[in-house]
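Asker: Got a file for you: my_file_36.txt, compact mmCIF, C-alpha atoms.
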# COMPACT_ATOMS: atom_id res chain seq x y z
CA MET A 1 15.23 32.16 -39.90
CA ASP A 2 13.00 32.52 -36.84
CA SER A 3 9.42 31.29 -36.58
CA VAL A 4 7.98 34.83 -36.80
CA ASP A 5 9.76 35.37 -40.12
CA CYS A 6 8.52 31.97 -41.31
CA CYS A 7 4.94 32.82 -40.37
CA HIS A 8 5.20 36.20 -42.12
CA ARG A 9 6.50 34.63 -45.33
CA ALA A 10 3.85 31.93 -45.16
CA LYS A 11 1.14 34.59 -44.83
CA GLU A 12 2.53 36.51 -47.80
CA GLU A 13 2.48 33.31 -49.84
CA THR A 14 -1.11 32.61 -48.81
CA VAL A 15 -2.18 36.10 -49.89
CA ARG A 16 -0.43 35.65 -53.26
CA ILE A 17 -2.13 32.31 -53.86
CA ASP A 18 -5.52 33.67 -52.77
CA LYS A 19 -5.16 36.46 -55.33
CA ASP A 20 -4.26 33.99 -58.10
CA ARG A 21 -7.16 31.77 -57.14
CA HIS A 22 -9.49 34.75 -57.15
CA LYS A 23 -8.41 35.71 -60.68
CA THR A 24 -9.38 32.26 -61.92
CA TYR A 25 -12.63 32.51 -60.06
CA ILE A 26 -13.40 35.96 -61.45
CA SER A 27 -12.84 34.67 -65.01
CA TYR A 28 -15.45 32.02 -64.30
CA MET A 29 -17.77 34.76 -63.01
CA ALA A 30 -17.43 36.81 -66.20
CA VAL A 31 -21.12 36.40 -66.91
CA SER A 32 -22.83 37.37 -63.68
CA ALA A 33 -25.93 39.02 -62.27
CA THR A 34 -26.54 41.12 -59.17
CA LEU A 35 -28.56 39.72 -56.28
CA SER A 36 -29.56 41.71 -53.21
CA ILE A 37 -30.60 39.69 -50.18
CA ARG A 38 -31.71 40.44 -46.62
CA VAL A 39 -30.13 38.31 -43.90
CA PRO A 40 -30.25 38.30 -40.08
CA LEU A 41 -27.67 40.56 -38.41
CA GLN A 42 -25.85 37.54 -36.95
CA THR A 43 -25.51 36.06 -40.43
CA ARG A 44 -24.12 39.33 -41.72
CA ARG A 45 -21.51 39.34 -38.90
CA TRP A 46 -20.60 35.75 -39.59
CA LEU A 47 -20.23 36.60 -43.28
CA GLU A 48 -17.91 39.47 -42.45
CA ARG A 49 -15.70 37.16 -40.40
CA PHE A 50 -15.77 34.58 -43.21
CA ALA A 51 -14.87 37.38 -45.67
CA LYS A 52 -11.72 38.49 -43.88
CA ARG A 53 -9.51 36.54 -46.28
CA ARG A 54 -11.81 36.96 -49.26
CA GLY A 55 -11.77 40.68 -49.87
CA SER A 56 -15.37 41.62 -49.10
CA ALA A 57 -18.61 40.28 -47.71
CA GLY A 58 -20.02 40.35 -51.22
CA MET A 59 -17.23 38.18 -52.59
CA ALA A 60 -17.59 35.77 -49.70
CA ALA A 61 -21.36 35.55 -50.19
CA THR A 62 -20.83 34.89 -53.89
CA ARG A 63 -18.39 32.12 -53.04
CA ILE A 64 -20.77 30.52 -50.53
CA LEU A 65 -23.69 30.55 -52.95
CA GLU A 66 -21.56 29.18 -55.76
CA GLU A 67 -20.22 26.39 -53.56
CA ALA A 68 -23.75 25.50 -52.48
CA ARG A 69 -24.82 25.30 -56.12
CA ARG A 70 -21.86 23.10 -57.01
CA ARG A 71 -22.49 20.82 -54.07
CA GLU A 72 -26.02 20.30 -55.29
CA ASN A 73 -24.82 19.44 -58.80
CA PHE A 74 -21.76 17.48 -57.66
CA PRO A 75 -22.57 15.80 -54.34
CA ALA A 76 -19.15 14.14 -54.21
CA VAL A 77 -17.41 17.49 -53.89
CA GLU A 78 -17.17 19.68 -50.80
CA PHE A 79 -15.13 22.77 -50.00
CA ARG A 80 -12.80 23.35 -47.09
CA ASP A 81 -10.63 26.17 -45.81
CA THR A 82 -6.92 25.50 -46.24
CA PRO A 83 -3.75 27.60 -46.26
CA LEU A 84 -4.18 27.70 -50.06
CA GLY A 85 -7.67 29.16 -49.72
CA ARG A 86 -10.99 27.36 -50.27
CA VAL A 87 -10.21 24.01 -51.85
CA ALA A 88 -12.42 21.30 -53.36
CA TYR A 89 -12.19 17.91 -51.63
CA VAL A 90 -13.84 14.62 -52.38
CA GLN A 91 -16.74 14.47 -49.94
CA GLY A 92 -15.96 12.66 -46.71
CA THR A 93 -12.33 11.98 -47.57
CA ARG A 94 -8.84 13.50 -47.23
CA VAL A 95 -8.52 13.55 -51.03
CA GLN A 96 -8.31 16.92 -52.76
CA VAL A 97 -10.10 16.99 -56.10
CA ALA A 98 -6.85 18.42 -57.50
CA PHE A 99 -5.16 15.09 -56.70
CA VAL A 100 -7.61 13.35 -59.01
CA TYR A 101 -6.92 16.02 -61.63
CA GLY A 102 -3.22 15.20 -61.26
CA GLN A 103 -3.93 11.54 -61.93
CA LYS A 104 -5.79 12.52 -65.07
CA GLN A 105 -2.84 14.63 -66.18
CA HIS A 106 -0.59 11.63 -65.69
CA GLY A 107 -2.15 10.17 -68.80
CA THR A 108 -4.34 7.60 -67.20
CA ASN A 109 -7.72 7.01 -68.77
CA LEU A 110 -9.66 7.51 -65.56
CA THR A 111 -13.11 6.01 -65.55
CA PRO A 112 -15.71 6.42 -62.81
CA ALA A 113 -15.50 2.73 -62.02
CA GLY A 114 -11.70 2.69 -62.02
CA LEU A 115 -11.45 5.75 -59.80
CA ALA A 116 -14.07 4.47 -57.40
CA GLU A 117 -12.44 1.05 -57.19
CA SER A 118 -8.96 2.43 -56.55
CA PHE A 119 -10.13 4.39 -53.48
CA PHE A 120 -12.88 2.02 -52.32
CA TRP A 121 -15.48 4.69 -53.10
CA PRO A 122 -19.01 4.03 -54.33
CA LEU A 123 -19.38 4.37 -58.08
CA TRP A 124 -21.48 7.55 -57.86
CA LYS A 125 -18.63 9.31 -56.08
CA GLY A 126 -16.12 8.45 -58.79
CA ALA A 127 -18.56 9.59 -61.48
CA SER A 128 -19.40 12.84 -59.69
CA VAL A 129 -15.74 13.78 -59.14
CA LEU A 130 -14.85 13.15 -62.78
CA ALA A 131 -17.87 15.17 -63.89
CA TYR A 132 -16.66 18.02 -61.67
CA LEU A 133 -13.22 17.89 -63.33
CA LEU A 134 -14.87 18.21 -66.71
CA GLU A 135 -17.04 21.13 -65.61
CA TYR A 136 -14.30 23.16 -63.89
CA PRO A 137 -11.00 22.16 -65.52
CA GLU A 138 -9.36 25.57 -65.09
CA GLU A 139 -9.98 25.72 -61.36
CA CYS A 140 -8.83 22.14 -60.89
CA GLN A 141 -5.71 22.90 -62.88
CA GLN A 142 -5.07 26.02 -60.79
CA GLU A 143 -5.39 24.02 -57.57
CA TRP A 144 -3.07 21.36 -58.95
CA GLU A 145 -0.50 23.98 -59.93
CA ASP A 146 -0.79 25.62 -56.52
CA LEU A 147 0.09 22.29 -54.92
CA GLY A 148 2.98 21.81 -57.34
CA SER A 149 4.31 25.26 -56.49
CA ILE A 150 4.99 24.06 -52.95
CA ASP A 151 8.37 22.47 -53.60
CA ALA A 152 11.21 21.68 -51.23
CA LYS A 153 12.34 25.32 -51.19
CA ALA A 154 8.87 26.61 -50.33
CA LEU A 155 8.38 23.98 -47.66
CA LYS A 156 11.77 24.71 -46.17
CA SER A 157 10.70 28.31 -45.64
CA ILE A 158 7.98 27.23 -43.22
CA LEU A 159 9.69 24.05 -42.02
CA PRO A 160 13.40 24.83 -41.65
CA GLN A 161 14.00 21.32 -40.33
CA LEU A 162 12.90 19.76 -43.65
CA LEU A 163 15.28 17.21 -45.19
CA ARG A 164 15.65 16.48 -48.90
CA GLY A 165 15.04 12.81 -49.71
CA ASN A 166 16.09 12.54 -53.32
CA THR A 167 15.50 9.29 -55.13
CA VAL A 168 17.08 7.97 -58.30
CA VAL A 169 15.60 9.53 -61.43
CA ARG A 170 13.72 6.88 -63.37
CA MET B 1 10.57 2.70 -39.68
CA LYS B 2 6.85 2.04 -39.99
CA LEU B 3 5.06 3.79 -42.84
CA LEU B 4 1.45 4.92 -42.79
CA LEU B 5 0.20 5.94 -46.24
CA ASP B 6 -2.27 8.82 -46.39
CA GLU B 7 -5.77 8.33 -47.74
CA HIS B 8 -5.04 9.81 -51.16
CA LEU B 9 -2.28 7.27 -51.87
CA TRP B 10 -3.36 4.15 -53.71
CA PRO B 11 -4.27 1.66 -50.96
CA LYS B 12 -2.56 -1.26 -52.71
CA LEU B 13 0.78 0.55 -52.70
CA ALA B 14 1.48 -0.97 -49.29
CA GLU B 15 1.02 -4.46 -50.71
CA LEU B 16 3.35 -3.70 -53.62
CA VAL B 17 6.10 -2.58 -51.25
CA LYS B 18 5.59 -5.69 -49.13
CA GLN B 19 6.08 -7.91 -52.17
CA THR B 20 9.70 -6.72 -52.20
CA LEU B 21 10.11 -6.11 -48.47
CA PRO B 22 7.85 -8.68 -46.77
CA ASN B 23 8.95 -7.69 -43.25
CA GLN B 24 8.37 -3.99 -43.78
CA GLU B 25 5.63 -2.46 -41.66
CA ILE B 26 3.63 -0.35 -44.07
CA GLU B 27 -0.10 0.27 -44.06
CA SER B 28 -2.58 2.32 -46.00
CA LEU B 29 -4.96 4.49 -44.02
CA HIS B 30 -7.71 2.55 -45.81
CA GLN B 31 -6.68 -0.62 -44.01
CA TYR B 32 -5.19 0.80 -40.82
CA ALA B 33 -7.50 0.12 -37.85
CA GLN B 34 -10.19 -1.06 -40.27
CA GLY B 35 -10.27 2.36 -41.91
CA ARG B 36 -11.37 4.08 -38.71
CA TRP B 37 -9.06 7.04 -39.38
CA LEU B 38 -10.25 7.78 -42.90
CA ASN B 39 -11.28 11.44 -43.33
CA SER B 40 -9.71 12.35 -40.00
CA PRO B 41 -8.42 15.86 -39.37
CA ASP B 42 -4.67 16.28 -39.79
CA ASP B 43 -3.95 16.90 -36.11
CA GLU B 44 -5.80 13.77 -34.97
CA LEU B 45 -4.10 11.65 -37.59
CA LEU B 46 -0.65 12.98 -36.71
CA ALA B 47 -1.32 12.21 -33.05
CA GLU B 48 -2.53 8.70 -33.88
CA ALA B 49 0.53 8.08 -36.06
CA HIS B 50 2.73 9.23 -33.18
CA ARG B 51 0.98 6.92 -30.71
CA GLY B 52 1.81 3.98 -32.97
CA GLY B 53 5.24 5.21 -34.03
CA TRP B 54 4.21 5.52 -37.68
CA VAL B 55 5.93 7.78 -40.18
CA TRP B 56 3.15 9.49 -42.13
CA VAL B 57 3.57 9.45 -45.92
CA THR B 58 1.52 12.05 -47.76
CA PHE B 59 1.18 14.23 -50.84
CA ASP B 60 -0.60 16.92 -48.82
CA VAL B 61 1.75 19.89 -48.85
CA ASN B 62 -1.20 22.21 -48.37
CA THR B 63 -2.50 21.68 -44.84
CA ILE B 64 0.06 19.49 -43.05
CA PRO B 65 3.11 21.81 -43.13
CA ARG B 66 1.28 24.42 -41.04
CA LEU B 67 0.36 21.75 -38.51
CA LEU B 68 4.00 20.67 -38.26
CA GLN B 69 5.02 24.27 -37.82
CA GLU B 70 2.58 24.57 -34.90
CA LYS B 71 3.92 21.34 -33.41
CA ALA B 72 7.47 22.64 -33.62
CA VAL B 73 6.53 25.93 -31.96
CA ALA B 74 4.69 24.03 -29.20
CA ALA B 75 7.66 21.63 -28.84
CA GLU B 76 5.37 18.65 -29.40
CA ASP B 77 6.81 15.47 -30.92
CA HIS B 78 5.59 13.48 -33.90
CA SER B 79 6.92 10.29 -35.43
CA GLY B 80 8.01 11.72 -38.75
CA VAL B 81 6.40 12.87 -41.97
CA ILE B 82 7.41 12.21 -45.57
CA PHE B 83 5.99 14.58 -48.18
CA ILE B 84 6.02 13.24 -51.72
CA SER B 85 6.55 15.77 -54.47
CA ASN B 86 3.62 15.76 -56.85
CA LYS B 87 5.93 17.15 -59.50
CA SER B 88 8.13 14.06 -59.27
CA TYR B 89 5.42 11.45 -58.76
CA ALA B 90 1.82 11.25 -59.89
CA GLN B 91 -0.40 9.55 -57.36
CA ASN B 92 -1.19 6.85 -59.87
CA ASP B 93 2.48 6.29 -60.77
CA HIS B 94 2.30 3.06 -58.81
CA ALA B 95 5.56 1.59 -60.08
CA GLY B 96 7.49 4.81 -59.51
CA LEU B 97 6.10 5.30 -56.02
CA THR B 98 6.76 1.69 -55.06
CA ALA B 99 10.37 1.93 -56.22
CA ALA B 100 10.86 5.28 -54.47
CA LEU B 101 9.50 3.98 -51.17
CA ILE B 102 11.59 0.81 -51.36
CA GLU B 103 14.69 2.86 -52.05
CA LEU B 104 13.87 5.26 -49.24
CA ILE B 105 13.28 2.45 -46.76
CA GLY B 106 16.61 0.87 -47.69
CA ARG B 107 18.39 4.13 -47.06
CA GLU B 108 16.51 5.44 -44.02
CA GLU B 109 15.09 2.53 -42.05
CA LYS B 110 17.81 2.57 -39.39
CA ARG B 111 17.38 6.24 -38.60
CA GLU B 112 15.49 7.77 -35.72
CA TRP B 113 12.40 9.35 -37.27
CA THR B 114 11.01 11.30 -34.35
CA ASN B 115 10.29 14.86 -35.57
CA ARG B 116 11.97 14.10 -38.90
CA ILE B 117 10.36 15.70 -41.97
CA MET B 118 11.40 14.76 -45.48
CA PHE B 119 10.49 15.88 -48.98
CA LEU B 120 10.73 12.97 -51.40
CA GLU B 121 11.46 13.91 -54.97
CA LYS B 122 13.35 12.60 -57.96
CA GLY B 123 16.93 13.72 -58.11
CA ASP B 124 20.46 12.72 -57.34
CA PRO B 125 20.39 10.65 -54.11
CA SER B 126 23.81 12.00 -53.25
CA GLY B 127 22.12 15.39 -53.05
CA SER B 128 19.96 14.22 -50.15
CA LYS B 129 20.71 16.33 -47.12
CA ASP B 130 20.78 15.19 -43.55
Show how you would write the structure in this file as structure tokens.
Answerer:
Amino acid sequence: MDSVDCCHRAKEETVRIDKDRHKTYISYMAVSATLSIRVPLQTRRWLERFAKRRGSAGMAATRILEEARRRENFPAVEFRDTPLGRVAYVQGTRVQVAFVYGQKQHGTNLTPAGLAESFFWPLWKGASVLAYLLEYPEECQQEWEDLGSIDAKALKSILPQLLRGNTVVR
Amino acid sequence: MKLLLDEHLWPKLAELVKQTLPNQEIESLHQYAQGRWLNSPDDELLAEAHRGGWVWVTFDVNTIPRLLQEKAVAAEDHSGVIFISNKSYAQNDHAGLTAALIELIGREEKREWTNRIMFLEKGDPSGSKD
């Protein structure tokens, strides 16, 4: 498989995941209201560039406003562009919020203090991340499942040199 | 084979591995260089790991694979990356992760890790491909 084919397949996968993510997002937006705003022309152009992978300028603007609202309510969470679309991260870290969701799914009774201590975070950050998980469980689950969908086979399609490093099943 | 554990791995995992393999070079990003590389972009971290000859251990199958793809296309070297399957191991499965890393080190420490990329998951070790 050549690199062009790999890139093409990777792009197709990104589009598929973006669509799935958008469905989850739309379900959250089931109760919505229309807002018309006037912005500088440069902002409109920037929004159109930002919207290229998000369907429309309106959808992108909705996303930006919603993220701003969430950041105000959950200061420990920020959003970044990734190949899997816009993803929630723990502010100022390389930790995806979905990773914390995964820990919760593992059956651990995560407490703000325990989470904060395990990553050397301040207590407020642990509390804010856990509160975010409670508020948006479906999105966190979707992001966690998206990560889980990238298995050895999927990785091998973009990294043909990947080796399998199986370990004993315990 | 020196292992650098990404920021989202439990920082004390390195200590647990060292309890069994005291001579093993393994560090968490939280402790590495006094935590200076925490929250670093992927490309800078990969470059830093390469400067020190560290194999980067991570759960991040989202952003890092694309970076490695770019590196391969640009014919740029790195010192190896190990992706851990989040289906096989939860990040707080400390005992499971410790055992998996110890087993992996025992099997792979003599190998040349430059540009090597591995996906670590539970399964039959005889099914590991080289």
Asker: Which residues of chain A come within 9 Å of chain B, and for each one, what is the closest pair of atoms and their distance in Å to one decimal, counting only C-alpha atoms, sorted by chain and residue number, as a tab-separated table?
Answerer:
residue	atom	partner	partner_atom	distance
A:Ser3	CA	B:Val73	CA	7.6
A:Cys7	CA	B:Gln69	CA	8.9
A:Ala10	CA	B:Arg66	CA	8.9
A:Thr82	CA	B:Thr63	CA	6.0
A:Pro83	CA	B:Thr63	CA	6.2
A:Leu84	CA	B:Asn62	CA	6.5
A:Gly92	CA	B:Asn39	CA	5.9
A:Thr93	CA	B:Asn39	CA	4.4
A:Arg94	CA	B:Asn39	CA	5.0
A:Val95	CA	B:His8	CA	5.1
A:Gln96	CA	B:His8	CA	8.0
A:Phe99	CA	B:Gln91	CA	7.3
A:Val100	CA	B:Gln91	CA	8.3
A:Gly102	CA	B:Ala90	CA	6.5
A:Gln103	CA	B:Asn92	CA	5.8
A:Lys104	CA	B:Asn92	CA	9.0
A:Gln105	CA	B:Ala90	CA	8.5
A:His106	CA	B:Ala90	CA	6.3
A:Thr108	CA	B:Asn92	CA	8.0
A:Ser118	CA	B:Trp10	CA	6.5
A:Phe119	CA	B:Trp10	CA	6.8
A:Phe120	CA	B:His30	CA	8.3
A:Trp144	CA	B:Asn86	CA	9.0
A:Asp146	CA	B:Asn62	CA	8.8
A:Leu147	CA	B:Asn62	CA	6.7
A:Gly148	CA	B:Lys87	CA	5.9
A:Ser149	CA	B:Lys87	CA	8.8
A:Ile150	CA	B:Val61	CA	6.7
A:Asp151	CA	B:Ser85	CA	7.0
A:Ala152	CA	B:Phe119	CA	6.3
A:Leu155	CA	B:Pro65	CA	7.3
A:Ile158	CA	B:Gln69	CA	6.8
A:Leu159	CA	B:Gln69	CA	6.3
A:Gln161	CA	B:Ile117	CA	6.9
A:Leu162	CA	B:Ile117	CA	5.1
A:Leu163	CA	B:Met118	CA	4.6
A:Arg164	CA	B:Ser128	CA	5.0
A:Gly165	CA	B:Leu120	CA	4.6
A:Asn166	CA	B:Pro125	CA	4.8
A:Thr167	CA	B:Lys122	CA	4.9
A:Val168	CA	B:Gly123	CA	5.8
A:Val169	CA	B:Lys122	CA	5.2
A:Arg170	CA	B:Gly96	CA	7.6
Asker: Just checking: using only C-alpha atoms, which residue out of B:Trp56, B:Ala74, B:Glu48, B:Thr114 ends up closest to B:Arg36?
Answerer: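 Closest candidate: B:Glu48.
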Asker: Quick one: residues within 7 Å of B:Trp54, all atoms listed in the file counted, chain neighbours fewer than 3 positions away excluded, as a list in words?
Answerer: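 Using all atoms listed in the file, the neighbours found are Lys2, Leu3, Leu4, Ala49, His50 and Ser79 of chain B.
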Asker: Could those residues be written to a file, using C-alpha atoms, as a tab-separated table (two decimals), keeping the file's coordinate frame?
Answerer:
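So selection_7.tsv came out as:
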chain	number	residue	atom	x	y	z
B	2	LYS	CA	6.85	2.04	-39.99
B	3	LEU	CA	5.06	3.79	-42.84
B	4	LEU	CA	1.45	4.92	-42.79
B	49	ALA	CA	0.53	8.08	-36.06
B	50	HIS	CA	2.73	9.23	-33.18
B	79	SER	CA	6.92	10.29	-35.43
Asker: State, in Å with one decimal place, the distance from atom CA of A:Ala116 to atom CA of A:Val87.
Answerer: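 Value for the atom CA of A:Ala116-atom CA of A:Val87 distance: 20.7 Å.
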Asker: Distance atom CA of A:Asp81-atom CA of A:Arg54, one decimal place?
Answerer: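 According to the coordinates, atom CA of A:Asp81 and atom CA of A:Arg54 are separated by 11.4 Å.
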Asker: Work out how far apart atom CA of A:Arg44 and atom CA of A:Leu65 are and give it in Å to one decimal.
Answerer: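 The value is 14.3 Å.
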